[in-house]
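Written out below as structure tokens is the structure these notes cover.
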2 protein chains.
Amino acid sequence: MITLVIYDIPDDSLRQRVAKLLKLKGLKRIQKSAFAGPLTSSQRSDVVAGLAKLIKGEEANIQIYPLTQASFNQRVVLGVELTYEEEEVLV
Amino acid sequence: MITLVIYDIPDDSLRQRVAKLLKLKGLKRIQKSAFAGPLTSSQRSDVVAGLAKLIKGEEANIQIYPLTQASFNQRVVLGVELTYEEEEVLV
């Protein structure tokens with residue numbers, strides 16, 4: 001299944017650490033504050049545990065959605081592809 | 001089906017107009033730049049058309065995912081519930 005992770009984290013440094021963890025776990029950035037990619041359920045549990053540890057007690061909201069391949073294929077993407085290199089370099 | 005909309009829009013005014021449209025269409029804000037709610041496929045097409053018109057030619061990326069109820073129920077939410085009243089008032 002595809003795992004979609006969206007987050008809302010005001011603090012720059014924490015947000016960058018969350019992005020770094022998601023990247024390390026093999027997910028791809030699809031927006032500034034969203035990553036997605038195929039994960040097994042044990043890999044997804046591992047991501048959830050890592051994120052929970054990272055944001056414990058901090059001002060952050062992270063939502064993790066398991067998507068069927070059909071849902072993912074039916075997504076509609078509007079607008080332009082924005083680039084996020086700058087934030088990634090800062091990590 | 002539940003429709004999940006996530007967006008990445010640098011311009012404050014455009015971002016607020018997008019949020020306002022999603023709210024008018026009956027979706028609920030679940031994060032600063034994410035809304036979700038149950039829509040029929042014709043309602044979803046209507047939302048997609050409205051968003052496409054709104055962001056035409058602008059620097060914006062919007063992704064619309066149809067989720068099964070099972071996917072939505074299996075979501076994991078970590079952290080705190082942030083409030084977004086301020087931005088809504090500005091709309």
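Residues in the structure tokens are named by chain (A, B, ... in the order shown) and by number from 1 within that chain; ligands are numbered from 1 in the order shown.
Within chain A, residues classed as strand (DSSP E) by DSSP on backbone coordinates are Ile2, Thr3, Leu4, Val5, Ile6, Tyr7, Asp8, Lys28, Arg29, Ile30, Gln31, Ala34, Phe35, Ala36, Gly37, Pro38, Asn61, Ile62, Gln63, Ile64, Tyr65, Pro66, Leu67, Val76, Val77, Leu78 and Gly79 of chain A.
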Those residues with N, CA, C and O atoms, as an mmCIF file, in the first residue's frame please?
```
data_model
loop_
_atom_site.group_PDB
_atom_site.id
_atom_site.type_symbol
_atom_site.label_atom_id
_atom_site.label_comp_id
_atom_site.auth_asym_id
_atom_site.auth_seq_id
_atom_site.Cartn_x
_atom_site.Cartn_y
_atom_site.Cartn_z
ATOM 1 N N ILE A 2 0.293 2.284 -0.561
ATOM 2 C CA ILE A 2 0.985 3.564 -0.558
ATOM 3 C C ILE A 2 0.722 4.245 0.787
ATOM 4 O O ILE A 2 -0.410 4.236 1.274
ATOM 5 N N THR A 3 1.741 4.793 1.370
ATOM 6 C CA THR A 3 1.555 5.570 2.592
ATOM 7 C C THR A 3 1.705 7.050 2.252
ATOM 8 O O THR A 3 2.678 7.445 1.614
ATOM 9 N N LEU A 4 0.721 7.813 2.682
ATOM 10 C CA LEU A 4 0.758 9.266 2.471
ATOM 11 C C LEU A 4 0.922 9.910 3.841
ATOM 12 O O LEU A 4 0.193 9.588 4.772
ATOM 13 N N VAL A 5 1.903 10.773 3.961
ATOM 14 C CA VAL A 5 2.155 11.466 5.229
ATOM 15 C C VAL A 5 2.055 12.965 4.993
ATOM 16 O O VAL A 5 2.735 13.504 4.115
ATOM 17 N N ILE A 6 1.183 13.619 5.755
ATOM 18 C CA ILE A 6 1.075 15.080 5.657
ATOM 19 C C ILE A 6 1.350 15.663 7.033
ATOM 20 O O ILE A 6 0.971 15.080 8.048
ATOM 21 N N TYR A 7 2.043 16.789 7.056
ATOM 22 C CA TYR A 7 2.370 17.336 8.374
ATOM 23 C C TYR A 7 2.244 18.844 8.407
ATOM 24 O O TYR A 7 2.320 19.526 7.384
ATOM 25 N N ASP A 8 2.050 19.294 9.631
ATOM 26 C CA ASP A 8 1.863 20.719 9.878
ATOM 27 C C ASP A 8 2.717 21.021 11.108
ATOM 28 O O ASP A 8 2.363 20.648 12.223
ATOM 29 N N LYS A 28 8.925 9.663 -0.825
ATOM 30 C CA LYS A 28 9.294 10.754 -1.732
ATOM 31 C C LYS A 28 8.477 11.987 -1.405
ATOM 32 O O LYS A 28 7.274 11.890 -1.163
ATOM 33 N N ARG A 29 9.135 13.134 -1.480
ATOM 34 C CA ARG A 29 8.425 14.391 -1.232
ATOM 35 C C ARG A 29 7.474 14.665 -2.406
ATOM 36 O O ARG A 29 7.885 14.651 -3.567
ATOM 37 N N ILE A 30 6.216 14.931 -2.073
ATOM 38 C CA ILE A 30 5.242 15.267 -3.126
ATOM 39 C C ILE A 30 4.747 16.708 -2.988
ATOM 40 O O ILE A 30 4.145 17.245 -3.910
ATOM 41 N N GLN A 31 4.965 17.291 -1.807
ATOM 42 C CA GLN A 31 4.687 18.722 -1.566
ATOM 43 C C GLN A 31 5.629 19.157 -0.452
ATOM 44 O O GLN A 31 6.336 18.346 0.137
ATOM 45 N N ALA A 34 4.417 17.145 2.553
ATOM 46 C CA ALA A 34 3.763 15.860 2.268
ATOM 47 C C ALA A 34 4.733 14.916 1.564
ATOM 48 O O ALA A 34 5.463 15.325 0.662
ATOM 49 N N PHE A 35 4.729 13.677 2.016
ATOM 50 C CA PHE A 35 5.545 12.628 1.410
ATOM 51 C C PHE A 35 4.649 11.438 1.099
ATOM 52 O O PHE A 35 3.626 11.248 1.766
ATOM 53 N N ALA A 36 5.053 10.625 0.134
ATOM 54 C CA ALA A 36 4.291 9.415 -0.162
ATOM 55 C C ALA A 36 5.209 8.356 -0.741
ATOM 56 O O ALA A 36 6.279 8.662 -1.283
ATOM 57 N N GLY A 37 4.774 7.100 -0.602
ATOM 58 C CA GLY A 37 5.527 6.007 -1.203
ATOM 59 C C GLY A 37 5.011 4.680 -0.710
ATOM 60 O O GLY A 37 4.256 4.625 0.260
ATOM 61 N N PRO A 38 5.401 3.600 -1.404
ATOM 62 C CA PRO A 38 4.947 2.276 -0.993
ATOM 63 C C PRO A 38 5.703 1.792 0.243
ATOM 64 O O PRO A 38 6.933 1.871 0.297
ATOM 65 N N ASN A 61 1.476 18.450 14.074
ATOM 66 C CA ASN A 61 0.391 17.540 13.738
ATOM 67 C C ASN A 61 0.823 16.771 12.494
ATOM 68 O O ASN A 61 1.200 17.373 11.486
ATOM 69 N N ILE A 62 0.825 15.449 12.609
ATOM 70 C CA ILE A 62 1.219 14.601 11.470
ATOM 71 C C ILE A 62 0.111 13.586 11.243
ATOM 72 O O ILE A 62 -0.382 12.990 12.200
ATOM 73 N N GLN A 63 -0.279 13.411 9.995
ATOM 74 C CA GLN A 63 -1.317 12.441 9.678
ATOM 75 C C GLN A 63 -0.775 11.459 8.646
ATOM 76 O O GLN A 63 -0.173 11.863 7.648
ATOM 77 N N ILE A 64 -0.987 10.181 8.931
ATOM 78 C CA ILE A 64 -0.463 9.110 8.079
ATOM 79 C C ILE A 64 -1.649 8.319 7.528
ATOM 80 O O ILE A 64 -2.450 7.777 8.303
ATOM 81 N N TYR A 65 -1.749 8.265 6.205
ATOM 82 C CA TYR A 65 -2.868 7.573 5.550
ATOM 83 C C TYR A 65 -2.360 6.412 4.714
ATOM 84 O O TYR A 65 -1.499 6.620 3.847
ATOM 85 N N PRO A 66 -2.904 5.206 4.945
ATOM 86 C CA PRO A 66 -2.611 4.105 4.020
ATOM 87 C C PRO A 66 -3.578 4.223 2.837
ATOM 88 O O PRO A 66 -4.779 4.336 3.038
ATOM 89 N N LEU A 67 -3.030 4.259 1.633
ATOM 90 C CA LEU A 67 -3.878 4.401 0.441
ATOM 91 C C LEU A 67 -3.804 3.144 -0.404
ATOM 92 O O LEU A 67 -2.724 2.569 -0.571
ATOM 93 N N VAL A 76 -5.711 13.493 -8.380
ATOM 94 C CA VAL A 76 -5.645 14.549 -9.391
ATOM 95 C C VAL A 76 -4.632 15.573 -8.882
ATOM 96 O O VAL A 76 -4.692 15.989 -7.725
ATOM 97 N N VAL A 77 -3.678 15.920 -9.726
ATOM 98 C CA VAL A 77 -2.689 16.918 -9.349
ATOM 99 C C VAL A 77 -2.893 18.156 -10.213
ATOM 100 O O VAL A 77 -2.859 18.082 -11.437
ATOM 101 N N LEU A 78 -3.151 19.276 -9.546
ATOM 102 C CA LEU A 78 -3.377 20.540 -10.253
ATOM 103 C C LEU A 78 -2.209 21.486 -10.033
ATOM 104 O O LEU A 78 -1.589 21.468 -8.964
ATOM 105 N N GLY A 79 -1.965 22.322 -11.020
ATOM 106 C CA GLY A 79 -0.964 23.362 -10.851
ATOM 107 C C GLY A 79 0.417 22.905 -11.239
ATOM 108 O O GLY A 79 0.583 21.962 -12.014
#
```
10 Å contact set for B:Val18, only C-alpha atoms, chain neighbours under 2 positions out, as a ChimeraX atom specification: /B:7,9,12-16,20-24,33,50-51,54-55,62,91
Just-selected residues, C-alpha atoms written as a compact mmCIF listing (two decimals), in the first residue's frame:
```txt
# COMPACT_ATOMS: atom_id res chain seq x y z
CA TYR B 7 -2.17 22.06 -1.18
CA ILE B 9 0.48 27.62 -2.19
CA ASP B 12 -1.34 34.03 1.28
CA SER B 13 -4.31 35.47 -0.55
CA LEU B 14 -4.59 32.63 -3.06
CA ARG B 15 -4.14 30.06 -0.29
CA GLN B 16 -6.98 31.63 1.64
CA LYS B 20 -12.56 29.22 1.44
CA LEU B 21 -13.67 27.27 -1.66
CA LEU B 22 -12.97 23.93 0.03
CA LYS B 23 -14.94 24.99 3.08
CA LEU B 24 -17.85 26.17 0.91
CA SER B 33 -3.11 23.13 4.11
CA GLY B 50 -13.31 25.06 -9.08
CA LEU B 51 -9.76 24.66 -7.84
CA LEU B 54 -8.85 29.41 -9.09
CA ILE B 55 -5.17 28.54 -9.42
CA ILE B 62 -2.96 20.96 -5.23
CA VAL B 91 -10.47 35.03 4.39
```
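Here atom CA of A:Ala60 is placed at a distance of 16.2 Å from atom CA of B:Arg75.
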DSSP alpha helix (DSSP H) selection over chain A, as a PyMOL selection string: chain A and resi 12-24+41-55+69-73+85-90
Contact residues around A:Ser42 with only C-alpha atoms at 12 Å, ignoring same-chain residues under 6 positions, as a PyMOL selection string: chain A and resi 1+3+25+48-49
Same residues, N, CA, C and O atoms, saved as a JSON list (two decimals), in the first residue's frame:
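Saved as part_14.json:
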```
[["chain", "number", "residue", "atom", "x", "y", "z"],
["A", 1, "MET", "N", 0.83, -1.22, 0.00],
["A", 1, "MET", "CA", 0.00, 0.00, 0.00],
["A", 1, "MET", "C", 0.86, 1.26, 0.00],
["A", 1, "MET", "O", 1.97, 1.27, 0.54],
["A", 3, "THR", "N", 1.74, 4.79, 1.37],
["A", 3, "THR", "CA", 1.56, 5.57, 2.59],
["A", 3, "THR", "C", 1.70, 7.05, 2.25],
["A", 3, "THR", "O", 2.68, 7.44, 1.61],
["A", 25, "LYS", "N", 13.36, 6.89, 5.24],
["A", 25, "LYS", "CA", 12.50, 5.70, 5.25],
["A", 25, "LYS", "C", 12.00, 5.35, 3.85],
["A", 25, "LYS", "O", 11.17, 4.47, 3.67],
["A", 48, "VAL", "N", 5.67, 5.44, 11.76],
["A", 48, "VAL", "CA", 4.81, 6.05, 12.77],
["A", 48, "VAL", "C", 5.56, 6.17, 14.11],
["A", 48, "VAL", "O", 5.54, 7.22, 14.76],
["A", 49, "ALA", "N", 6.26, 5.10, 14.48],
["A", 49, "ALA", "CA", 7.00, 5.12, 15.75],
["A", 49, "ALA", "C", 8.11, 6.18, 15.73],
["A", 49, "ALA", "O", 8.30, 6.92, 16.71]]
```
